[in-house]
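Pasting query35.tsv here (TSV, C-alpha atoms):
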chain	number	residue	atom	x	y	z
W	33	MET	CA	118.71	101.87	121.58
W	34	ARG	CA	121.57	101.27	119.16
W	35	ALA	CA	122.27	98.78	116.38
W	36	VAL	CA	124.78	98.46	113.56
W	37	ILE	CA	122.61	98.90	110.47
W	38	ASN	CA	123.91	98.96	106.91
W	39	GLY	CA	127.41	99.88	108.04
W	40	ILE	CA	126.49	102.61	110.54
W	41	THR	CA	125.37	102.77	114.15
W	42	MET	CA	121.70	103.72	114.12
W	43	ALA	CA	119.88	105.08	117.16
W	44	TYR	CA	116.21	104.24	117.54
W	45	ASP	CA	113.35	103.96	120.01
W	46	ASP	CA	111.36	100.74	120.33
W	47	HIS	CA	108.41	100.90	122.69
W	48	GLY	CA	105.28	98.89	123.37
W	49	SER	CA	103.97	95.64	121.97
W	50	GLY	CA	101.48	94.72	119.28
W	51	PRO	CA	101.29	95.59	115.58
W	52	ALA	CA	104.42	97.46	114.53
W	53	VAL	CA	104.35	101.12	113.50
W	54	VAL	CA	107.52	102.78	112.19
W	55	LEU	CA	107.68	106.58	112.32
W	56	ILE	CA	110.28	108.33	110.13
W	57	HIS	CA	111.19	111.90	111.04
W	58	GLY	CA	111.53	114.83	108.68
W	59	PHE	CA	114.37	117.19	107.85
W	60	PRO	CA	116.24	118.61	109.76
W	61	LEU	CA	114.80	116.75	112.72
W	62	CYS	CA	115.23	113.54	114.71
W	63	ARG	CA	113.23	110.80	116.39
W	64	ARG	CA	112.48	113.00	119.40
W	65	MET	CA	109.71	114.62	117.37
W	66	TRP	CA	107.57	111.50	117.88
W	67	HIS	CA	107.33	111.52	121.70
W	68	PRO	CA	103.60	112.45	121.77
W	69	GLN	CA	102.84	109.67	119.28
W	70	ILE	CA	104.92	107.02	121.06
W	71	GLN	CA	102.95	107.62	124.25
W	72	ALA	CA	99.55	107.56	122.53
W	73	LEU	CA	100.21	104.57	120.26
W	74	THR	CA	101.83	102.33	122.85
W	75	GLY	CA	98.92	103.05	125.16
W	76	ALA	CA	96.56	101.91	122.42
W	77	GLY	CA	98.31	98.56	121.92
W	78	PHE	CA	100.88	99.25	119.20
W	79	ARG	CA	104.64	98.73	119.03
W	80	VAL	CA	106.34	101.95	117.89
W	81	ILE	CA	109.79	102.07	116.29
W	82	ALA	CA	111.25	105.52	115.68
W	83	PRO	CA	114.74	105.62	114.14
W	84	ASP	CA	117.16	108.49	113.70
W	85	LEU	CA	117.99	108.37	110.00
W	86	ARG	CA	121.69	108.28	109.14
W	87	GLY	CA	123.15	111.74	109.58
W	88	PHE	CA	120.48	112.84	112.07
W	89	GLY	CA	119.88	112.73	115.79
W	90	GLU	CA	122.12	110.24	117.55
W	91	SER	CA	122.81	108.04	114.50
W	92	ASP	CA	126.17	108.10	112.75
W	93	ALA	CA	126.71	110.86	110.18
W	94	PRO	CA	129.12	109.44	107.61
W	95	GLU	CA	130.25	111.29	104.54
W	96	GLY	CA	127.70	111.27	101.72
W	97	PRO	CA	126.27	110.80	99.30
W	98	TYR	CA	122.91	110.05	100.91
W	99	SER	CA	119.78	109.11	98.99
W	100	MET	CA	116.17	108.13	99.57
W	101	GLU	CA	117.16	104.61	98.48
W	102	LEU	CA	119.86	104.50	101.16
W	103	PHE	CA	117.51	105.80	103.86
W	104	ALA	CA	114.91	103.20	102.80
W	105	ASP	CA	117.49	100.41	102.85
W	106	ASP	CA	118.47	101.45	106.38
W	107	VAL	CA	114.85	101.27	107.55
W	108	VAL	CA	114.37	97.80	106.06
W	109	GLU	CA	117.60	96.53	107.61
W	110	LEU	CA	116.43	97.88	110.98
W	111	LEU	CA	113.17	95.92	110.54
W	112	ASP	CA	115.26	92.83	109.76
W	113	HIS	CA	117.36	93.43	112.87
W	114	LEU	CA	114.21	93.69	114.99
W	115	GLY	CA	112.61	90.62	113.40
W	116	ILE	CA	109.66	92.59	112.01
W	117	ASP	CA	108.26	91.21	108.75
W	118	GLY	CA	105.67	93.94	108.18
W	119	ALA	CA	104.82	97.32	109.64
W	120	VAL	CA	102.70	100.36	109.08
W	121	VAL	CA	105.16	103.10	108.13
W	122	GLY	CA	104.53	106.80	108.67
W	123	GLY	CA	106.84	109.41	107.20
W	124	MET	CA	106.84	113.13	107.87
W	125	SER	CA	108.14	115.51	105.18
W	126	MET	CA	111.51	114.00	104.14
W	127	GLY	CA	110.37	110.85	105.93
W	128	GLY	CA	107.47	110.80	103.48
W	129	TYR	CA	109.95	110.72	100.61
W	130	VAL	CA	111.58	107.71	102.26
W	131	LEU	CA	108.14	106.12	102.61
W	132	LEU	CA	107.49	106.57	98.88
W	133	ASN	CA	110.78	104.83	98.13
W	134	LEU	CA	109.84	102.01	100.48
W	135	LEU	CA	106.52	101.62	98.66
W	136	GLU	CA	108.31	101.46	95.33
W	137	ARG	CA	110.98	98.95	96.36
W	138	TYR	CA	109.79	97.14	99.51
W	139	ARG	CA	106.00	97.12	99.20
W	140	GLN	CA	105.78	93.62	100.71
W	141	ARG	CA	107.17	94.91	104.04
W	142	LEU	CA	104.45	97.55	104.51
W	143	ARG	CA	101.03	96.88	106.04
W	144	GLY	CA	99.97	100.48	105.65
W	145	ALA	CA	101.33	103.92	104.75
W	146	VAL	CA	100.86	107.24	106.53
W	147	PHE	CA	101.96	110.36	104.65
W	148	ILE	CA	102.51	113.21	107.11
W	149	THR	CA	102.85	116.82	105.90
W	150	THR	CA	104.70	115.67	102.82
W	151	ARG	CA	104.39	115.64	99.04
W	152	ALA	CA	104.75	113.18	96.16
W	153	THR	CA	106.31	115.65	93.72
W	154	ALA	CA	110.01	116.33	93.18
W	155	ASP	CA	111.72	119.69	93.63
W	156	ASP	CA	111.44	122.18	90.79
W	157	GLU	CA	114.63	123.79	89.49
W	158	ALA	CA	114.41	126.71	91.91
W	159	GLY	CA	114.02	124.29	94.79
W	160	ARG	CA	116.96	122.19	93.61
W	161	THR	CA	119.10	125.32	93.45
W	162	ARG	CA	118.13	126.33	97.00
W	163	ARG	CA	118.92	122.85	98.34
W	164	LEU	CA	122.38	122.90	96.78
W	165	GLN	CA	123.16	126.39	98.10
W	166	LEU	CA	122.03	125.51	101.62
W	167	ALA	CA	124.05	122.25	101.57
W	168	GLN	CA	127.14	124.23	100.62
W	169	GLU	CA	126.46	126.82	103.33
W	170	VAL	CA	125.94	124.27	106.10
W	171	LEU	CA	129.24	122.57	105.30
W	172	ARG	CA	130.98	125.93	105.39
W	173	LEU	CA	129.18	127.63	108.28
W	174	GLY	CA	127.66	124.86	110.40
W	175	PRO	CA	124.19	123.60	111.32
W	176	GLN	CA	122.88	126.88	112.70
W	177	VAL	CA	122.27	128.15	109.16
W	178	VAL	CA	119.79	125.31	108.62
W	179	ALA	CA	118.19	125.85	112.03
W	180	ASP	CA	117.71	129.53	111.20
W	181	ALA	CA	116.32	128.76	107.74
W	182	PHE	CA	113.80	126.17	108.94
W	183	ARG	CA	112.70	127.61	112.28
W	184	THR	CA	109.83	129.68	110.93
W	185	LEU	CA	109.03	127.25	108.10
W	186	LEU	CA	108.20	124.39	110.45
W	187	PHE	CA	105.54	126.09	112.56
W	188	ALA	CA	102.21	127.81	112.19
W	189	GLU	CA	102.27	131.52	113.01
W	190	SER	CA	100.26	130.86	116.17
W	191	SER	CA	102.80	128.32	117.39
W	192	LEU	CA	105.68	130.71	116.81
W	193	ALA	CA	103.87	133.31	118.88
W	194	GLU	CA	102.39	131.13	121.61
W	195	ARG	CA	104.71	128.09	121.96
W	196	PRO	CA	108.20	129.53	122.54
W	197	LYS	CA	109.41	126.50	124.52
W	198	LEU	CA	108.43	124.09	121.74
W	199	VAL	CA	110.04	126.30	119.09
W	200	ALA	CA	113.23	126.56	121.16
W	201	GLU	CA	113.36	122.79	121.72
W	202	VAL	CA	113.01	121.99	118.03
W	203	SER	CA	115.59	124.67	117.20
W	204	ARG	CA	118.06	122.94	119.54
W	205	TRP	CA	117.50	119.60	117.76
W	206	MET	CA	118.26	121.20	114.41
W	207	ALA	CA	121.33	123.09	115.62
W	208	ALA	CA	122.75	119.89	117.16
W	209	THR	CA	122.60	117.94	113.87
W	210	ASP	CA	125.86	117.03	112.15
W	211	SER	CA	126.61	119.26	109.15
W	212	ARG	CA	127.40	116.18	107.03
W	213	GLY	CA	123.96	114.76	107.76
W	214	LEU	CA	122.25	118.05	106.96
W	215	ALA	CA	124.11	118.43	103.67
W	216	GLY	CA	123.49	114.79	102.81
W	217	GLY	CA	119.78	115.11	103.52
W	218	LEU	CA	119.47	118.28	101.46
W	219	LEU	CA	121.17	116.72	98.46
W	220	ALA	CA	119.14	113.51	98.81
W	221	MET	CA	115.92	115.53	98.75
W	222	ARG	CA	117.23	117.49	95.79
W	223	GLU	CA	117.68	114.29	93.78
W	224	ARG	CA	114.44	112.53	94.74
W	225	ARG	CA	112.08	111.48	91.99
W	226	ASP	CA	108.52	112.58	91.27
W	227	TYR	CA	106.26	109.82	92.58
W	228	THR	CA	103.01	111.36	91.35
W	229	PRO	CA	102.75	108.97	88.35
W	230	LEU	CA	103.27	105.95	90.62
W	231	LEU	CA	100.66	106.73	93.27
W	232	GLY	CA	97.91	104.89	91.44
W	233	GLY	CA	99.93	101.67	91.57
W	234	PHE	CA	100.34	101.69	95.36
W	235	ALA	CA	97.63	99.27	96.46
W	236	ILE	CA	97.90	99.68	100.21
W	237	PRO	CA	95.81	101.04	103.09
W	238	ALA	CA	96.91	104.66	103.33
W	239	LEU	CA	96.32	107.90	105.19
W	240	ALA	CA	97.48	111.37	104.19
W	241	ILE	CA	97.72	113.90	107.02
W	242	GLY	CA	98.06	117.57	106.14
W	243	ALA	CA	98.04	120.71	108.26
W	244	ALA	CA	95.85	123.75	107.65
W	245	GLU	CA	98.66	126.28	108.19
W	246	ASP	CA	101.59	124.33	106.75
W	247	ARG	CA	103.90	126.58	104.72
W	248	ALA	CA	106.36	123.86	103.72
W	249	ALA	CA	103.79	121.33	102.44
W	250	PRO	CA	100.42	123.07	102.13
W	251	PRO	CA	97.25	120.98	102.60
W	252	GLU	CA	96.96	120.64	98.83
W	253	THR	CA	99.95	118.27	98.84
W	254	ALA	CA	98.16	115.88	101.22
W	255	ARG	CA	94.99	116.13	99.14
W	256	ALA	CA	96.98	115.24	96.01
W	257	ILE	CA	98.40	112.11	97.65
W	258	ALA	CA	94.96	111.09	98.91
W	259	ALA	CA	93.51	111.59	95.44
W	260	GLY	CA	96.29	109.55	93.84
W	261	ILE	CA	96.10	106.40	95.99
W	262	ALA	CA	92.86	104.44	95.77
W	263	GLY	CA	91.03	104.41	99.09
W	264	CYS	CA	93.53	106.72	100.80
W	265	ARG	CA	92.04	108.56	103.75
W	266	LEU	CA	92.63	112.27	104.27
W	267	CYS	CA	92.96	114.23	107.50
W	268	ILE	CA	93.75	117.97	107.69
W	269	VAL	CA	94.83	119.06	111.18
W	270	PRO	CA	93.52	122.54	112.02
W	271	GLU	CA	95.61	125.30	113.60
W	272	ALA	CA	98.87	123.49	112.83
W	273	GLY	CA	101.90	123.91	110.60
W	274	HIS	CA	104.50	121.48	109.24
W	275	LEU	CA	105.04	119.97	112.70
W	276	ALA	CA	101.36	119.17	113.18
W	277	ASN	CA	102.14	116.15	115.36
W	278	LEU	CA	103.83	118.41	117.93
W	279	GLU	CA	101.68	121.52	117.51
W	280	GLN	CA	98.32	119.71	117.77
W	281	PRO	CA	99.15	116.24	119.10
W	282	GLY	CA	95.61	115.47	120.24
W	283	ALA	CA	93.99	116.03	116.85
W	284	PHE	CA	96.92	114.40	115.07
W	285	ASN	CA	96.83	111.29	117.26
W	286	ASP	CA	93.08	110.95	116.76
W	287	CYS	CA	93.57	110.83	112.97
W	288	LEU	CA	96.44	108.37	113.21
W	289	LEU	CA	94.82	106.01	115.73
W	290	GLU	CA	91.53	105.91	113.85
W	291	PHE	CA	93.44	104.72	110.79
W	292	LEU	CA	95.62	102.21	112.65
W	293	LYS	CA	92.66	100.65	114.44
W	294	SER	CA	90.89	100.18	111.10
W	295	LEU	CA	93.59	97.86	109.75

Would you kindly transcribe this structure into C-alpha cells?
Amino acid sequence: MRAVINGITMAYDDHGSGPAVVLIHGFPLCRRMWHPQIQALTGAGFRVIAPDLRGFGESDAPEGPYSMELFADDVVELLDHLGIDGAVVGGMSMGGYVLLNLLERYRQRLRGAVFITTRATADDEAGRTRRLQLAQEVLRLGPQVVADAFRTLLFAESSLAERPKLVAEVSRWMAATDSRGLAGGLLAMRERRDYTPLLGGFAIPALAIGAAEDRAAPPETARAIAAGIAGCRLCIVPEAGHLANLEQPGAFNDCLLEFLKSL
C-alpha cells in the first residue's frame, strides 16, 4: 500500500484486524523482513502494519538529512493516516532507535514496546567514523558496498552456511536500496543519542528480544534494555544472529506472541 506521509510517498503493509502492531525494519533492510511475523500475528488476531522507512524499500528516498526524529515523525503520521490512536511498536536494530525516539516524544501513542536485536547506547567515536566513511562510499560506489559490508554481520555463522537462499534474498534487498537512503540512514544512526539514562523513565509494557549469536547487537544489549526498563521482559533467541526473526521465526514468534497476548 502507498500513502503520502510527511511529504513523501511511503510504502507499507497493513494486514489483519484487531489490536495494532507496528513493526519497524532495521538497516539496510525493508518491510519484507517481517513476512513470517505478519503471517503469525494476523493469524493470532492482530493487525500488523509494516512500513518501509523513508529511503528504504519501496518508499521515496529524498535527499537527506535523515534523523531518528524524522523517521519517528513519519511513523506517527502513518498512524494518523490509518486512524490508529495507539499501537504496540516493535523496532529491529535501527528500528529500535526509532522506537526509542517514539518513546521519548510520542509515548502516548504506544501501548507497548518491543526492542528487537537493538541497543540503547549511541555510537562510540570509532563507530561514528565508520558510519561516515561508509555513507561516503555508498554515495560514490553504490549500494553494493553496504550489502557486502552487512551480509555477514546480519546472520549467525550457521545461517550463512546452511541458509544460502535466505542470505541471497536479504542481500538482494540491501543491494536494491537507494544510495541516498543508505547514506541518510547511516548518518542518522551516527547522530542518534544515548538513551540509556532515559530507560528508567519509560513506564510501558516492554519486551527485549536478543539473539544468542548476534554479532551486531550481542545479547548483552538486550539484557541492558531489559534491566533499564521496569518490568521489561527478556527473550534470547537461540541459534540466531541479528536477523533472528528470519533465522528462527518459530522461536521468535513465540516470544513476541506471548508478550502481545499478555497486554

* Asked: Which residues, protein or nucleic acid, reach to within 12 Å of (117.3, 122.5, 111.9) in the file's coordinates when using all atoms listed in the file, and can you give that as a ChimeraX atom specification?
  -> /W:58-62,88-89,166,170,174-186,199-211,213-215,217-218

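Checking W:Met221, W:Ile261, W:Met100, W:Leu295 one by one against Pro51 in chain W, counting only C-alpha atoms, you find the shortest gap at W:Leu295.
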
* Asked: Excluding same-chain residues fewer than 6 positions from range 114-125 of chain W, what lies within 8 Å of it counting all atoms listed in the file, as a list in words?
  -> Pro51, Ala52, Val53, Val54, Leu55, Ile56, His57, Gly58, Phe59, Leu131, Gln140, Arg141, Leu142, Arg143, Gly144, Ala145, Val146, Phe147, Ile148, Thr149, Thr150, Arg151 and Ala249 of chain W

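The interatomic distance for the pair CA of Asp45 in chain W and CA of Leu292 in chain W works out to 19.3 Å.
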
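Excluding Glu95 in chain W itself and same-chain residues fewer than 4 positions from it, the residues having an atom within 9 Å of it are Gly87, Arg212, Gly213 and Gly216 of chain W, counting all atoms listed in the file.
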
Prev. selection, C-alpha atoms, output as a compact mmCIF listing (two decimals), keeping the file's coordinate frame:
# COMPACT_ATOMS: atom_id res chain seq x y z
CA GLY W 87 123.15 111.74 109.58
CA ARG W 212 127.40 116.18 107.03
CA GLY W 213 123.96 114.76 107.76
CA GLY W 216 123.49 114.79 102.81

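In this model, the gap between CA of Pro270 in chain W and CA of Ala243 in chain W comes to 6.2 Å.
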
Restore N, CA, C and O atoms in range 140-162 of chain W and list the result as a CSV table (one decimal), in the frame of the given file.
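Result file is part.csv:
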chain,number,residue,atom,x,y,z
W,140,GLN,N,106.2,94.8,100.0
W,140,GLN,CA,105.8,93.6,100.7
W,140,GLN,C,106.0,93.8,102.2
W,140,GLN,O,105.5,93.0,103.0
W,141,ARG,N,106.9,94.7,102.6
W,141,ARG,CA,107.2,94.9,104.0
W,141,ARG,C,106.2,95.9,104.7
W,141,ARG,O,106.3,96.1,105.9
W,142,LEU,N,105.3,96.5,104.0
W,142,LEU,CA,104.4,97.6,104.5
W,142,LEU,C,103.0,97.1,104.6
W,142,LEU,O,102.4,96.5,103.7
W,143,ARG,N,102.4,97.2,105.8
W,143,ARG,CA,101.0,96.9,106.0
W,143,ARG,C,100.1,98.1,105.8
W,143,ARG,O,98.9,98.0,105.7
W,144,GLY,N,100.7,99.2,105.8
W,144,GLY,CA,100.0,100.5,105.6
W,144,GLY,C,101.0,101.6,105.5
W,144,GLY,O,102.1,101.5,105.9
W,145,ALA,N,100.5,102.8,105.0
W,145,ALA,CA,101.3,103.9,104.8
W,145,ALA,C,100.6,105.2,105.3
W,145,ALA,O,99.5,105.4,105.0
W,146,VAL,N,101.4,106.0,106.0
W,146,VAL,CA,100.9,107.2,106.5
W,146,VAL,C,101.8,108.4,106.1
W,146,VAL,O,102.9,108.4,106.5
W,147,PHE,N,101.2,109.2,105.2
W,147,PHE,CA,102.0,110.4,104.6
W,147,PHE,C,101.7,111.6,105.5
W,147,PHE,O,100.5,112.0,105.6
W,148,ILE,N,102.7,112.1,106.1
W,148,ILE,CA,102.5,113.2,107.1
W,148,ILE,C,103.2,114.5,106.6
W,148,ILE,O,104.4,114.5,106.4
W,149,THR,N,102.4,115.5,106.4
W,149,THR,CA,102.8,116.8,105.9
W,149,THR,C,104.0,116.7,104.9
W,149,THR,O,105.1,117.2,105.1
W,150,THR,N,103.7,116.0,103.8
W,150,THR,CA,104.7,115.7,102.8
W,150,THR,C,104.1,115.8,101.4
W,150,THR,O,102.9,116.2,101.3
W,151,ARG,N,104.9,115.5,100.4
W,151,ARG,CA,104.4,115.6,99.0
W,151,ARG,C,105.0,114.5,98.2
W,151,ARG,O,106.0,113.9,98.5
W,152,ALA,N,104.3,114.2,97.1
W,152,ALA,CA,104.8,113.2,96.2
W,152,ALA,C,105.6,113.7,95.0
W,152,ALA,O,106.3,113.0,94.4
W,153,THR,N,105.6,115.0,94.8
W,153,THR,CA,106.3,115.6,93.7
W,153,THR,C,107.8,115.8,94.1
W,153,THR,O,108.2,115.8,95.2
W,154,ALA,N,108.6,116.0,93.0
W,154,ALA,CA,110.0,116.3,93.2
W,154,ALA,C,110.2,117.8,93.3
W,154,ALA,O,109.3,118.6,93.1
W,155,ASP,N,111.4,118.3,93.6
W,155,ASP,CA,111.7,119.7,93.6
W,155,ASP,C,111.7,120.2,92.2
W,155,ASP,O,112.1,119.6,91.3
W,156,ASP,N,111.3,121.5,92.1
W,156,ASP,CA,111.4,122.2,90.8
W,156,ASP,C,112.9,122.7,90.7
W,156,ASP,O,113.7,122.6,91.7
W,157,GLU,N,113.2,123.3,89.6
W,157,GLU,CA,114.6,123.8,89.5
W,157,GLU,C,115.0,124.8,90.5
W,157,GLU,O,116.2,124.8,91.0
W,158,ALA,N,114.1,125.7,90.9
W,158,ALA,CA,114.4,126.7,91.9
W,158,ALA,C,114.7,126.0,93.3
W,158,ALA,O,115.6,126.4,94.0
W,159,GLY,N,113.8,125.0,93.5
W,159,GLY,CA,114.0,124.3,94.8
W,159,GLY,C,115.3,123.5,94.8
W,159,GLY,O,116.0,123.5,95.8
W,160,ARG,N,115.7,122.9,93.7
W,160,ARG,CA,117.0,122.2,93.6
W,160,ARG,C,118.1,123.1,93.8
W,160,ARG,O,119.1,122.8,94.5
W,161,THR,N,118.0,124.3,93.3
W,161,THR,CA,119.1,125.3,93.4
W,161,THR,C,119.2,125.7,94.9
W,161,THR,O,120.4,125.8,95.5
W,162,ARG,N,118.1,125.9,95.6
W,162,ARG,CA,118.1,126.3,97.0
W,162,ARG,C,118.7,125.2,97.9
W,162,ARG,O,119.5,125.5,98.8
